[in-house]
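Novice: Sharing final-v7.cif below, mmCIF, C-alpha atoms:
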```
data_upload
#
loop_
_atom_site.label_atom_id
_atom_site.label_comp_id
_atom_site.auth_asym_id
_atom_site.auth_seq_id
_atom_site.Cartn_x
_atom_site.Cartn_y
_atom_site.Cartn_z
CA MET A 1 5.21 -42.83 -130.50
CA LYS A 2 4.79 -43.21 -126.91
CA PHE A 3 8.54 -43.96 -126.41
CA PHE A 4 9.74 -40.48 -127.47
CA ASN A 5 7.80 -38.64 -124.90
CA ARG A 6 9.42 -35.91 -122.84
CA LYS A 7 10.28 -37.96 -119.82
CA ASN A 8 12.14 -40.67 -121.72
CA ILE A 9 14.08 -38.11 -123.73
CA GLN A 10 15.26 -36.50 -120.46
CA THR A 11 16.37 -39.85 -119.12
CA ILE A 12 18.27 -40.71 -122.30
CA VAL A 13 19.98 -37.32 -122.33
CA LEU A 14 20.89 -37.73 -118.67
CA LEU A 15 22.37 -41.17 -119.29
CA LEU A 16 24.34 -39.88 -122.25
CA VAL A 17 25.71 -36.99 -120.18
CA ILE A 18 26.68 -39.33 -117.33
CA SER A 19 28.26 -41.78 -119.76
CA GLY A 20 30.13 -38.94 -121.40
CA LEU A 21 31.36 -37.64 -118.07
CA LEU A 22 32.45 -41.13 -117.03
CA PHE A 23 34.22 -41.59 -120.31
CA LEU A 24 36.00 -38.25 -119.95
CA ALA A 25 36.89 -39.00 -116.30
CA MET A 26 38.24 -42.43 -117.16
CA SER A 27 40.16 -40.97 -120.05
CA GLY A 28 41.80 -38.42 -117.72
CA TYR A 29 40.36 -35.35 -119.37
CA LEU A 30 38.65 -34.26 -116.19
CA THR A 31 41.72 -34.54 -113.87
CA PRO A 32 42.45 -30.79 -113.82
CA ILE A 33 38.87 -30.17 -112.86
CA PHE A 34 39.01 -32.79 -110.11
CA ASN A 35 42.28 -31.38 -108.78
CA LEU A 36 40.86 -27.95 -108.75
CA THR A 37 37.89 -29.02 -106.74
CA LEU A 38 39.37 -31.79 -104.53
CA ASN A 39 42.71 -30.25 -103.49
CA PRO A 40 41.20 -27.55 -101.29
CA LEU A 41 39.02 -30.20 -99.75
CA ILE A 42 41.99 -32.48 -99.03
CA SER A 43 44.02 -29.61 -97.59
CA MET A 44 41.21 -28.66 -95.34
CA GLN A 45 40.73 -32.26 -94.25
CA ARG A 46 44.45 -32.64 -93.55
CA TRP A 47 44.51 -29.45 -91.50
CA LEU A 48 41.53 -30.56 -89.49
CA SER A 49 42.93 -34.05 -88.97
CA VAL A 50 46.29 -32.78 -87.71
CA ARG A 51 44.60 -30.43 -85.28
CA TYR A 52 42.32 -33.19 -84.08
CA LEU A 53 45.19 -35.63 -83.52
CA SER A 54 47.21 -32.99 -81.69
CA ALA A 55 44.29 -32.21 -79.46
CA ARG A 56 43.65 -35.88 -78.81
CA ASP A 57 47.31 -36.47 -77.94
CA LEU A 58 47.24 -33.54 -75.59
CA LEU A 59 44.24 -34.92 -73.81
CA THR A 60 45.27 -38.59 -73.73
CA THR A 61 49.09 -38.32 -73.14
CA PRO A 62 49.03 -38.57 -69.30
CA SER A 63 47.26 -41.90 -69.40
CA ASP A 64 49.69 -43.10 -72.07
CA VAL A 65 52.71 -42.21 -69.88
CA VAL A 66 51.28 -44.20 -67.01
CA GLN A 67 50.60 -47.08 -69.36
CA LEU A 68 54.10 -46.84 -70.81
CA ARG A 69 55.63 -46.80 -67.37
CA GLN A 70 53.67 -49.90 -66.46
CA GLN A 71 54.75 -51.59 -69.66
CA ASN A 72 58.34 -50.52 -69.00
CA ALA A 73 58.23 -51.94 -65.48
CA LEU A 74 56.74 -55.15 -66.84
CA LEU A 75 59.41 -55.42 -69.51
CA GLU A 76 62.16 -54.65 -66.98
CA SER A 77 60.89 -57.42 -64.72
CA GLN A 78 60.81 -59.76 -67.70
CA VAL A 79 64.39 -58.78 -68.57
CA THR A 80 65.43 -59.48 -64.98
CA GLN A 81 63.71 -62.87 -65.07
CA LEU A 82 65.38 -63.70 -68.36
CA GLN A 83 68.78 -62.63 -67.02
CA THR A 84 68.25 -64.88 -63.98
CA GLN A 85 67.27 -67.74 -66.27
CA LEU A 86 70.34 -67.04 -68.40
CA ILE A 87 72.64 -67.21 -65.37
CA GLU A 88 70.97 -70.46 -64.25
CA LEU A 89 71.33 -71.93 -67.72
CA GLU A 90 74.98 -70.88 -67.90
CA GLU A 91 75.59 -72.57 -64.54
CA ARG A 92 73.84 -75.72 -65.77
CA LEU A 93 75.86 -75.58 -68.96
CA GLY A 94 79.06 -75.40 -66.91
CA GLU A 95 77.93 -78.39 -64.81
CA ALA A 96 76.98 -80.28 -67.94
CA GLN A 97 80.38 -79.58 -69.50
CA VAL A 98 82.09 -80.94 -66.36
CA CYS A 99 79.83 -84.02 -66.47
CA PHE A 100 80.56 -84.57 -70.17
CA ALA A 101 84.29 -84.27 -69.53
CA LEU A 102 84.06 -86.77 -66.66
CA LEU A 103 82.02 -89.06 -68.91
CA ASP A 104 84.70 -88.81 -71.59
CA PHE A 105 87.32 -89.84 -69.04
CA GLY A 106 85.17 -92.81 -68.05
CA ARG A 107 84.80 -93.84 -71.70
CA THR A 108 88.52 -93.62 -72.34
CA ASN A 109 89.27 -95.69 -69.20
CA PRO A 110 86.52 -98.32 -69.27
CA GLN A 111 88.42 -100.76 -67.08
CA TYR A 112 87.43 -98.80 -63.97
CA ASP A 113 84.09 -98.21 -62.30
CA TYR A 114 83.48 -94.64 -61.25
CA ILE A 115 81.44 -92.81 -58.66
CA ALA A 116 80.93 -89.18 -59.62
CA ALA A 117 81.03 -86.73 -56.72
CA THR A 118 80.81 -82.99 -56.20
CA VAL A 119 83.39 -81.10 -54.15
CA ILE A 120 81.53 -79.54 -51.21
CA GLY A 121 84.36 -78.12 -49.14
CA ARG A 122 88.03 -77.77 -48.41
CA GLU A 123 90.19 -78.41 -45.36
CA ILE A 124 89.99 -75.62 -42.77
CA SER A 125 93.69 -75.71 -41.89
CA PRO A 126 95.91 -74.09 -44.53
CA PHE A 127 98.67 -76.57 -43.70
CA LEU A 128 96.78 -79.45 -45.26
CA GLN A 129 95.49 -80.04 -48.79
CA TYR A 130 92.23 -81.93 -48.55
CA ILE A 131 88.81 -81.65 -50.18
CA MET A 132 85.39 -82.89 -49.05
CA ILE A 133 83.10 -84.68 -51.51
CA ASP A 134 79.38 -85.40 -51.28
CA LYS A 135 79.57 -89.19 -51.66
CA GLY A 136 80.23 -91.61 -48.81
CA THR A 137 79.83 -95.22 -47.78
CA GLU A 138 76.14 -95.18 -48.76
CA ASP A 139 77.26 -94.56 -52.35
CA GLY A 140 80.01 -97.17 -52.28
CA VAL A 141 82.97 -94.93 -51.46
CA ARG A 142 85.57 -96.67 -49.30
CA TYR A 143 88.80 -95.69 -47.60
CA GLY A 144 91.80 -95.63 -49.92
CA MET A 145 89.93 -95.37 -53.23
CA PRO A 146 91.78 -93.29 -55.84
CA VAL A 147 90.16 -90.05 -56.95
CA VAL A 148 90.60 -88.56 -60.41
CA THR A 149 89.13 -85.91 -62.68
CA GLN A 150 88.81 -85.91 -66.45
CA GLN A 151 92.31 -84.42 -66.51
CA GLY A 152 94.22 -86.69 -64.18
CA LEU A 153 95.02 -87.81 -60.66
CA VAL A 154 93.60 -85.89 -57.70
CA GLY A 155 94.30 -88.01 -54.63
CA ARG A 156 92.74 -90.76 -52.57
CA VAL A 157 89.98 -91.12 -50.04
CA ASP A 158 91.37 -90.47 -46.57
CA ALA A 159 88.24 -90.63 -44.43
CA VAL A 160 84.66 -91.53 -45.21
CA ILE A 161 81.28 -91.30 -43.50
CA ALA A 162 77.81 -92.27 -44.69
CA GLY A 163 77.15 -89.27 -46.91
CA ALA A 164 80.53 -87.64 -47.48
CA ALA A 165 84.23 -88.34 -47.75
CA ARG A 166 87.51 -86.52 -47.28
CA VAL A 167 90.10 -86.77 -50.04
CA LYS A 168 93.80 -86.20 -49.50
CA LEU A 169 95.19 -84.38 -52.54
CA ILE A 170 98.49 -85.43 -54.07
CA SER A 171 99.67 -81.87 -53.34
CA ASP A 172 99.46 -82.41 -49.56
CA SER A 173 102.82 -82.29 -47.80
CA THR A 174 102.38 -85.83 -46.47
CA SER A 175 101.35 -87.30 -49.82
CA VAL A 176 103.70 -89.61 -51.69
CA VAL A 177 102.78 -91.14 -55.07
CA ASN A 178 104.88 -93.62 -57.02
CA VAL A 179 105.13 -92.33 -60.58
CA ARG A 180 107.09 -92.93 -63.76
CA LEU A 181 108.39 -90.56 -66.38
CA LYS A 182 107.03 -91.57 -69.75
CA SER A 183 110.00 -90.80 -71.99
CA ALA A 184 112.79 -91.27 -69.45
CA GLU A 185 111.31 -94.65 -68.39
CA ILE A 186 112.29 -94.19 -64.77
CA GLU A 187 110.22 -94.70 -61.65
CA VAL A 188 110.38 -92.04 -58.97
CA GLN A 189 108.36 -90.61 -56.11
CA LEU A 190 106.06 -87.62 -56.39
CA GLN A 191 105.67 -85.57 -53.22
CA GLY A 192 103.43 -82.72 -52.20
CA SER A 193 104.47 -79.69 -50.23
CA LEU A 194 103.20 -77.09 -47.81
CA THR A 195 102.50 -74.61 -50.59
CA GLY A 196 100.60 -77.15 -52.70
CA ASP A 197 103.36 -77.54 -55.27
CA ILE A 198 104.32 -81.07 -56.30
CA PHE A 199 107.80 -82.31 -57.14
CA LEU A 200 109.66 -85.47 -58.06
CA ASP A 201 112.15 -86.77 -55.56
CA MET A 202 114.73 -89.56 -55.56
CA ILE A 203 115.68 -89.17 -59.24
CA PRO A 204 119.13 -90.74 -59.80
CA LEU A 205 121.76 -88.20 -60.82
CA ASP A 206 122.74 -90.13 -63.92
CA GLU A 207 119.21 -89.94 -65.32
CA THR A 208 118.39 -87.12 -67.72
CA VAL A 209 114.98 -85.64 -67.09
CA GLU A 210 113.62 -83.60 -69.96
CA LEU A 211 111.41 -80.59 -69.38
CA GLY A 212 107.83 -81.32 -70.39
CA ASP A 213 108.20 -85.05 -69.81
CA VAL A 214 104.87 -86.61 -68.89
CA VAL A 215 104.43 -87.95 -65.35
CA LEU A 216 102.14 -90.99 -64.94
CA THR A 217 101.33 -93.16 -61.95
CA SER A 218 103.41 -96.33 -61.90
CA GLY A 219 101.08 -98.45 -59.79
CA LEU A 220 103.88 -99.42 -57.44
CA GLY A 221 102.98 -99.47 -53.77
CA GLY A 222 99.40 -100.45 -54.52
CA ASN A 223 97.84 -97.12 -53.64
CA TYR A 224 97.02 -95.91 -57.15
CA PRO A 225 96.24 -97.65 -60.43
CA PRO A 226 98.94 -97.34 -63.10
CA ASN A 227 99.06 -94.94 -66.06
CA ILE A 228 96.97 -92.11 -64.67
CA PHE A 229 98.16 -88.72 -65.88
CA VAL A 230 99.64 -86.58 -63.11
CA GLY A 231 101.45 -83.69 -64.80
CA GLN A 232 104.52 -82.57 -66.69
CA VAL A 233 108.07 -81.84 -65.58
CA LEU A 234 108.50 -78.09 -65.16
CA SER A 235 112.13 -77.82 -64.07
CA THR A 236 114.91 -79.88 -62.54
CA GLN A 237 117.16 -79.10 -59.60
CA ARG A 238 120.57 -80.61 -58.87
CA ARG A 239 122.35 -79.78 -55.65
CA ASP A 240 126.03 -80.20 -55.07
CA ASN A 241 126.93 -83.30 -53.07
CA ALA A 242 123.34 -84.57 -53.31
CA ILE A 243 122.69 -88.23 -54.09
CA PHE A 244 119.51 -87.58 -56.00
CA GLN A 245 118.08 -84.78 -58.11
CA THR A 246 114.60 -83.33 -57.84
CA ALA A 247 112.18 -81.92 -60.39
CA SER A 248 109.20 -79.59 -60.12
CA VAL A 249 106.01 -80.88 -61.71
CA GLN A 250 103.19 -78.84 -63.17
CA PRO A 251 100.06 -80.77 -62.11
CA ILE A 252 97.51 -81.34 -64.84
CA VAL A 253 94.70 -80.82 -62.33
CA ASP A 254 94.09 -77.33 -60.97
CA PHE A 255 93.56 -78.26 -57.33
CA THR A 256 92.17 -74.84 -56.46
CA ALA A 257 89.35 -75.12 -58.98
CA ILE A 258 88.09 -78.70 -58.68
CA ASN A 259 84.29 -78.85 -58.76
CA ALA A 260 83.62 -82.51 -59.49
CA VAL A 261 85.65 -85.70 -59.24
CA LEU A 262 85.43 -89.39 -60.03
CA VAL A 263 86.14 -91.99 -57.36
CA ILE A 264 87.52 -95.23 -58.84
CA SER A 265 85.41 -97.78 -56.99
CA ASN A 266 86.79 -101.07 -58.33
CA PHE A 267 90.44 -100.48 -57.45
CA GLN A 268 91.60 -102.28 -54.34
CA SER A 269 94.46 -100.39 -52.72
CA VAL A 270 97.06 -102.61 -51.08
CA ASP A 271 98.31 -101.82 -47.61
CA VAL A 272 102.00 -102.71 -47.72
CA SER A 273 102.83 -101.25 -44.32
CA PRO A 274 102.99 -104.70 -42.60
CA LEU A 275 105.68 -105.69 -45.14
CA ILE A 276 107.88 -102.69 -44.27
CA PRO A 277 110.44 -103.72 -41.64
CA GLU A 278 110.20 -101.80 -38.37
CA LYS A 279 113.10 -99.50 -37.56
CA MET B 1 69.11 -66.48 -26.65
CA SER B 2 72.84 -65.88 -26.46
CA HIS B 3 73.50 -69.61 -26.79
CA VAL B 4 71.32 -69.93 -29.89
CA VAL B 5 72.86 -66.91 -31.59
CA CYS B 6 76.42 -68.00 -30.81
CA ALA B 7 75.81 -71.57 -32.00
CA LEU B 8 74.07 -70.44 -35.19
CA ALA B 9 76.75 -67.85 -35.96
CA LEU B 10 79.52 -70.39 -35.42
CA LEU B 11 77.70 -72.90 -37.60
CA ILE B 12 77.32 -70.36 -40.41
CA PHE B 13 80.94 -69.26 -40.15
CA THR B 14 82.14 -72.88 -40.14
CA VAL B 15 80.21 -73.63 -43.33
CA LEU B 16 81.39 -70.39 -44.94
CA GLN B 17 84.96 -71.21 -43.94
CA MET B 18 84.85 -74.68 -45.49
CA THR B 19 83.07 -73.73 -48.69
CA VAL B 20 84.28 -70.23 -49.52
CA PHE B 21 87.04 -68.81 -47.37
CA SER B 22 89.34 -71.85 -47.53
CA ARG B 23 89.63 -71.07 -51.25
CA ILE B 24 90.84 -67.52 -50.60
CA ASN B 25 94.57 -68.00 -50.57
CA LEU B 26 97.49 -65.68 -50.11
CA ILE B 27 100.52 -67.83 -50.96
CA ALA B 28 99.44 -70.89 -48.92
CA GLY B 29 97.69 -69.01 -46.14
CA SER B 30 93.94 -68.55 -45.77
CA PRO B 31 91.69 -66.63 -43.37
CA ASP B 32 89.97 -68.43 -40.47
CA LEU B 33 86.50 -67.00 -39.91
CA VAL B 34 85.78 -69.35 -37.02
CA LEU B 35 88.85 -68.11 -35.16
CA LEU B 36 87.90 -64.50 -35.86
CA PHE B 37 84.33 -64.95 -34.65
CA ILE B 38 85.50 -66.77 -31.51
CA ALA B 39 87.94 -63.91 -30.83
CA ALA B 40 85.30 -61.23 -31.46
CA TRP B 41 82.65 -63.06 -29.42
CA SER B 42 85.01 -63.64 -26.48
CA LEU B 43 85.92 -59.96 -26.38
CA GLN B 44 82.31 -58.88 -25.89
CA GLU B 45 81.74 -57.75 -22.33
CA HIS B 46 78.37 -59.44 -21.73
CA VAL B 47 79.20 -62.77 -23.30
CA LYS B 48 79.67 -65.61 -20.81
CA ASN B 49 79.38 -68.67 -23.05
CA ALA B 50 82.52 -68.29 -25.17
CA TRP B 51 84.33 -71.24 -23.56
CA LEU B 52 81.36 -73.57 -23.96
CA TRP B 53 80.70 -72.97 -27.65
CA THR B 54 84.37 -72.76 -28.53
CA GLY B 55 84.79 -76.19 -26.96
CA VAL B 56 81.78 -77.60 -28.83
CA PHE B 57 82.79 -76.20 -32.22
CA GLY B 58 86.45 -77.00 -31.58
CA LEU B 59 85.40 -80.62 -31.23
CA ILE B 60 83.17 -80.49 -34.33
CA ILE B 61 85.93 -78.93 -36.44
CA SER B 62 88.39 -81.48 -35.06
CA VAL B 63 86.14 -84.20 -36.43
CA ILE B 64 85.74 -82.52 -39.82
CA SER B 65 89.37 -81.50 -40.23
CA ALA B 66 92.21 -83.76 -41.25
CA MET B 67 94.34 -82.29 -38.47
CA PRO B 68 94.98 -84.54 -35.47
CA PHE B 69 91.87 -84.63 -33.31
CA TYR B 70 92.86 -82.25 -30.53
CA ALA B 71 94.76 -79.60 -32.52
CA PRO B 72 91.86 -77.35 -33.65
CA LEU B 73 90.31 -77.59 -30.18
CA ILE B 74 93.54 -76.45 -28.51
CA GLY B 75 93.98 -73.67 -31.08
CA TYR B 76 90.51 -72.21 -30.59
CA LEU B 77 90.56 -72.55 -26.79
CA GLY B 78 93.89 -70.71 -26.84
CA VAL B 79 92.25 -67.87 -28.75
CA VAL B 80 89.53 -67.59 -26.09
CA LEU B 81 92.19 -67.57 -23.38
CA ILE B 82 94.07 -64.74 -25.11
CA SER B 83 90.80 -62.84 -25.56
CA LYS B 84 89.87 -63.15 -21.91
CA LEU B 85 93.35 -62.10 -20.80
CA LEU B 86 93.24 -59.03 -23.00
CA GLN B 87 89.59 -58.19 -22.44
CA ARG B 88 90.14 -56.41 -19.12
CA ARG B 89 93.47 -54.83 -20.03
CA VAL B 90 92.44 -53.05 -23.21
CA TRP B 91 88.69 -52.99 -22.64
CA ARG B 92 88.41 -49.30 -23.54
CA VAL B 93 89.55 -49.93 -27.14
CA PRO B 94 87.84 -53.17 -28.21
CA ILE B 95 88.94 -52.81 -31.84
CA LEU B 96 92.56 -52.68 -30.76
CA ALA B 97 91.96 -55.72 -28.57
CA MET B 98 90.42 -57.52 -31.55
CA PHE B 99 93.48 -56.87 -33.70
CA ILE B 100 95.84 -57.98 -30.91
CA VAL B 101 93.81 -61.17 -30.29
CA THR B 102 93.72 -61.87 -34.03
CA LEU B 103 97.47 -61.46 -34.30
CA LEU B 104 98.39 -63.47 -31.20
CA GLY B 105 95.59 -66.02 -31.67
CA THR B 106 96.57 -66.79 -35.25
CA PHE B 107 100.22 -67.18 -34.31
CA PHE B 108 99.25 -69.46 -31.41
CA GLN B 109 96.90 -71.58 -33.52
CA GLN B 110 99.39 -71.97 -36.38
CA ALA B 111 102.18 -72.80 -33.91
CA VAL B 112 100.00 -75.55 -32.43
CA TYR B 113 99.30 -76.89 -35.93
CA ILE B 114 102.98 -76.90 -36.90
CA ILE B 115 104.04 -78.66 -33.70
CA VAL B 116 101.26 -81.25 -34.00
CA LEU B 117 102.04 -81.92 -37.67
CA GLN B 118 105.75 -82.22 -37.01
CA VAL B 119 105.08 -84.63 -34.15
CA SER B 120 102.83 -86.69 -36.43
CA GLY B 121 105.59 -86.93 -39.02
CA SER B 122 104.79 -84.27 -41.61
CA PRO B 123 107.91 -82.95 -43.32
CA ILE B 124 107.22 -79.24 -42.73
CA SER B 125 109.71 -76.72 -41.45
CA TRP B 126 109.15 -73.69 -39.23
CA LEU B 127 110.73 -71.25 -41.67
CA GLU B 128 108.75 -72.43 -44.68
CA SER B 129 105.57 -72.50 -42.60
CA LEU B 130 106.18 -68.96 -41.40
CA ASP B 131 106.83 -67.65 -44.92
CA SER B 132 104.13 -69.52 -46.79
CA VAL B 133 101.32 -70.03 -44.31
CA VAL B 134 101.56 -68.20 -40.99
CA VAL B 135 102.32 -64.63 -42.11
CA PRO B 136 99.84 -64.70 -45.04
CA SER B 137 97.17 -66.15 -42.75
CA VAL B 138 97.81 -63.44 -40.15
CA LEU B 139 97.48 -60.78 -42.84
CA LEU B 140 94.22 -62.21 -44.16
CA ASN B 141 92.83 -62.60 -40.65
CA LEU B 142 93.69 -58.97 -39.85
CA ILE B 143 91.84 -57.88 -43.01
CA PHE B 144 88.72 -59.83 -42.05
CA ALA B 145 88.95 -59.01 -38.30
CA LEU B 146 87.10 -55.71 -38.50
CA PRO B 147 83.95 -56.92 -40.33
CA ILE B 148 83.70 -60.02 -38.14
CA PHE B 149 84.08 -57.89 -35.01
CA ALA B 150 81.31 -55.61 -36.30
CA VAL B 151 79.03 -58.61 -36.85
CA ALA B 152 79.74 -60.00 -33.37
CA SER B 153 79.22 -56.58 -31.74
CA GLU B 154 75.93 -56.11 -33.59
CA LEU B 155 74.70 -59.53 -32.51
CA VAL B 156 75.62 -58.87 -28.87
CA SER B 157 73.99 -55.43 -28.93
CA ARG B 158 70.76 -57.05 -30.16
CA ILE B 159 70.87 -59.80 -27.53
CA TYR B 160 71.66 -57.46 -24.63
CA PRO B 161 70.00 -54.16 -25.63
CA LEU B 162 69.10 -52.98 -22.11
CA GLU B 163 72.51 -53.57 -20.65
CA VAL B 164 74.17 -51.81 -23.56
CA GLU B 165 71.87 -48.79 -23.29
CA ALA B 166 72.37 -48.58 -19.54
#
```
For this file, produce the structure as structure tokens.

Specialist:
Amino acid sequence: MKFFNRKNIQTIVLLLVISGLLFLAMSGYLTPIFNLTLNPLISMQRWLSVRYLSARDLLTTPSDVVQLRQQNALLESQVTQLQTQLIELEERLGEAQVCFALLDFGRTNPQYDYIAATVIGREISPFLQYIMIDKGTEDGVRYGMPVVTQQGLVGRVDAVIAGAARVKLISDSTSVVNVRLKSAEIEVQLQGSLTGDIFLDMIPLDETVELGDVVLTSGLGGNYPPNIFVGQVLSTQRRDNAIFQTASVQPIVDFTAINAVLVISNFQSVDVSPLIPEK
Amino acid sequence: MSHVVCALALLIFTVLQMTVFSRINLIAGSPDLVLLFIAAWSLQEHVKNAWLWTGVFGLIISVISAMPFYAPLIGYLGVVLISKLLQRRVWRVPILAMFIVTLLGTFFQQAVYIIVLQVSGSPISWLESLDSVVVPSVLLNLIFALPIFAVASELVSRIYPLEVEA
């Protein structure tokens, strides 16, 4: 009967009490008691924690402001860098779009060889309509080569040096291009003017020119290849007692905003001036 | 020092003119920064090299430009001549002199261009040129005259500080 001694009985009773308490706690019967005892403890802990955090914030805020300012400055500099990168990428995108457009023109006119060039300047005198491009004899550019964009005819090379060339635009007052009207099937001359406007001259009076008619190069005269888009007829003018009528043309190329051009390198312009009888 | 500054300034203004200011158009006219700087530089009291550098850059621009070879040179030398003639007469009011030189110089330069182009066979008329090119160019040059004169005056005051202070 050694097992039922006093010590073992105390242990068994203790285990039974603990088991009973656990059973009651797990069954939820002791929740009111727990709430009664724990709630004041939690409230006190919350109060203490809030006061501690407030005190800590009060003591550590100055260093946080400095840190925040540093982070702000860092982020602002990053924003500035990103904005700069964005502008650069937008510029590159614009250049790429121009290149793609020029490439499209080359694909649609595969019979010609092209030299792509960037416009680097314009004529100083306002009386003349010329542009400077960054390709010259070293790149294969020669005098008289036609110059186009993805949209249409620009002009022809007027002067060339090793690394650059000067292009006379078709809007120059001394420029004359032989063109044809697509629907009217007539061949006329396109002339530039002092103001940069272009117009058709020498149109016979009996010909009917429709507004919006497409103007293409005719290839006559040997200066330009045929069938390059020039523009559309904007309006016609008939003067009393005049032998011919004229027509204003809306150029397809915006000459004030040309950034890149294509020089047609395999077109041989023909100098017909020796065939013109001297006056 | 004066030679270096004048040459560099003219070089910068020539490049700016060809790349940027030739695209600023009022009807068919455009400002001429080179002309304005030559006028402003020539009007400065201490400057003695205006003829030299105007001649040099007149030749350079003649080579670059599609105008007949001598036309820009004559135009710019004419501006220096007008500046020198006016320099002593209205020396007390240099800004006024600058505006007068800009006005007369632009008219002279454009007249030279018109005559040269007509002689070389361009179909341009005086009336159309006056309406579309000359008057707009004069207006634009008058607008830009003041800042260019300020730049030229500042450059001269830095080159000749002692003389200016005295």

Novice: Can you work out the spacing between atom CA of Ser65 of chain B and atom CA of Ala164 of chain A in Å, to one decimal?

Specialist: 13.0 Å

Novice: Mind running chain B against chain A at 7 Å and telling me each contacting residue's nearest atom pair with the distance in Å (one decimal), counting only C-alpha atoms, chain and number ascending, as JSON lines?

Specialist:
```
{"residue": "B:Gln17", "atom": "CA", "partner": "A:Ile124", "partner_atom": "CA", "distance": 6.8}
{"residue": "B:Met18", "atom": "CA", "partner": "A:Gly121", "partner_atom": "CA", "distance": 5.0}
{"residue": "B:Thr19", "atom": "CA", "partner": "A:Gly121", "partner_atom": "CA", "distance": 4.6}
{"residue": "B:Ser22", "atom": "CA", "partner": "A:Ile124", "partner_atom": "CA", "distance": 6.1}
{"residue": "B:Arg23", "atom": "CA", "partner": "A:Thr256", "partner_atom": "CA", "distance": 6.9}
{"residue": "B:Ala28", "atom": "CA", "partner": "A:Thr195", "partner_atom": "CA", "distance": 5.1}
{"residue": "B:Gly29", "atom": "CA", "partner": "A:Pro126", "partner_atom": "CA", "distance": 5.6}
{"residue": "B:Ser30", "atom": "CA", "partner": "A:Pro126", "partner_atom": "CA", "distance": 6.0}
{"residue": "B:Ser65", "atom": "CA", "partner": "A:Glu123", "partner_atom": "CA", "distance": 6.0}
{"residue": "B:Ser122", "atom": "CA", "partner": "A:Thr174", "partner_atom": "CA", "distance": 5.6}
{"residue": "B:Pro123", "atom": "CA", "partner": "A:Ser173", "partner_atom": "CA", "distance": 6.8}
{"residue": "B:Ile124", "atom": "CA", "partner": "A:Leu194", "partner_atom": "CA", "distance": 6.8}
{"residue": "B:Ser132", "atom": "CA", "partner": "A:Thr195", "partner_atom": "CA", "distance": 6.6}
{"residue": "B:Val133", "atom": "CA", "partner": "A:Pro126", "partner_atom": "CA", "distance": 6.8}
```

Novice: What's the 7 Å shell around segment 98-112 of chain A, counting all atoms listed in the file, without same-chain residues fewer than 4 positions away, as an MDAnalysis selection string?

Specialist: chainID A and resid 94 149:150 264 266

Novice: Generate a file of the selected residues that holds C-alpha atoms, formatted as a PDB file, in the coordinates of the input.

Specialist:
```
ATOM      1  CA  GLY A  94      79.060 -75.400 -66.910  1.00  0.00           C
ATOM      2  CA  THR A 149      89.130 -85.910 -62.680  1.00  0.00           C
ATOM      3  CA  GLN A 150      88.810 -85.910 -66.450  1.00  0.00           C
ATOM      4  CA  ILE A 264      87.520 -95.230 -58.840  1.00  0.00           C
ATOM      5  CA  ASN A 266      86.790-101.070 -58.330  1.00  0.00           C
TER       6      ASN A 266
END
```

Novice: Emit as lines of an AutoDock Vina configuration file the padded axis-aligned box for all listed atoms of segment 226-238 of chain A, 8 Å per side, with centre and edge lengths in Å to one decimal.

Specialist:
```
center_x = 108.8
center_y = -87.6
center_z = -62.8
size_x = 39.6
size_y = 35.5
size_z = 23.8
```

Novice: If I take atom CA of Asp206 of chain A and atom CA of Asn223 of chain A, how far is one from the other in Å, to one decimal?

Specialist: 27.8 Å

Novice: When you count all atoms listed in the file, which of these residues is closest to Ser153 of chain B: B:Trp126, B:Phe37, B:Phe21, B:Phe69?

Specialist: B:Phe37

Novice: One decimal, in Å: what's the spacing between atom CA of Phe23 of chain A and atom CA of Ser43 of chain A?

Specialist: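 A separation of 27.5 Å between them.
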
Novice: Which residues match the PyMOL selection byres ((chain B and resi 93-108) around 10) in the file above, as a PyMOL selection string?

Specialist: chain B and resi 31-32+35-45+74-92+109-114+130+134-135+137-139+141-146+148-150+153

Novice: Can you write segment 18-38 of chain B from the block above with C-alpha atoms, as a PDB file, in the first residue's frame?

Specialist:
```pdb
ATOM      1  CA  MET B  18      21.691  78.524 -89.141  1.00  0.00           C
ATOM      2  CA  THR B  19      20.214  76.000 -86.744  1.00  0.00           C
ATOM      3  CA  VAL B  20      17.606  77.901 -84.748  1.00  0.00           C
ATOM      4  CA  PHE B  21      16.878  81.445 -85.807  1.00  0.00           C
ATOM      5  CA  SER B  22      16.467  80.728 -89.529  1.00  0.00           C
ATOM      6  CA  ARG B  23      13.408  78.696 -88.496  1.00  0.00           C
ATOM      7  CA  ILE B  24      11.815  81.658 -86.706  1.00  0.00           C
ATOM      8  CA  ASN B  25       9.714  83.133 -89.452  1.00  0.00           C
ATOM      9  CA  LEU B  26       7.376  86.074 -89.647  1.00  0.00           C
ATOM     10  CA  ILE B  27       5.697  85.697 -93.050  1.00  0.00           C
ATOM     11  CA  ALA B  28       8.907  84.941 -95.004  1.00  0.00           C
ATOM     12  CA  GLY B  29      11.236  87.109 -92.946  1.00  0.00           C
ATOM     13  CA  SER B  30      13.642  85.894 -90.278  1.00  0.00           C
ATOM     14  CA  PRO B  31      16.002  87.575 -87.806  1.00  0.00           C
ATOM     15  CA  ASP B  32      19.736  87.816 -88.562  1.00  0.00           C
ATOM     16  CA  LEU B  33      21.747  87.393 -85.365  1.00  0.00           C
ATOM     17  CA  VAL B  34      25.065  87.788 -87.164  1.00  0.00           C
ATOM     18  CA  LEU B  35      24.012  91.179 -88.510  1.00  0.00           C
ATOM     19  CA  LEU B  36      22.788  92.235 -85.066  1.00  0.00           C
ATOM     20  CA  PHE B  37      26.001  91.186 -83.342  1.00  0.00           C
ATOM     21  CA  ILE B  38      28.129  92.917 -85.980  1.00  0.00           C
TER      22      ILE B  38
END
```
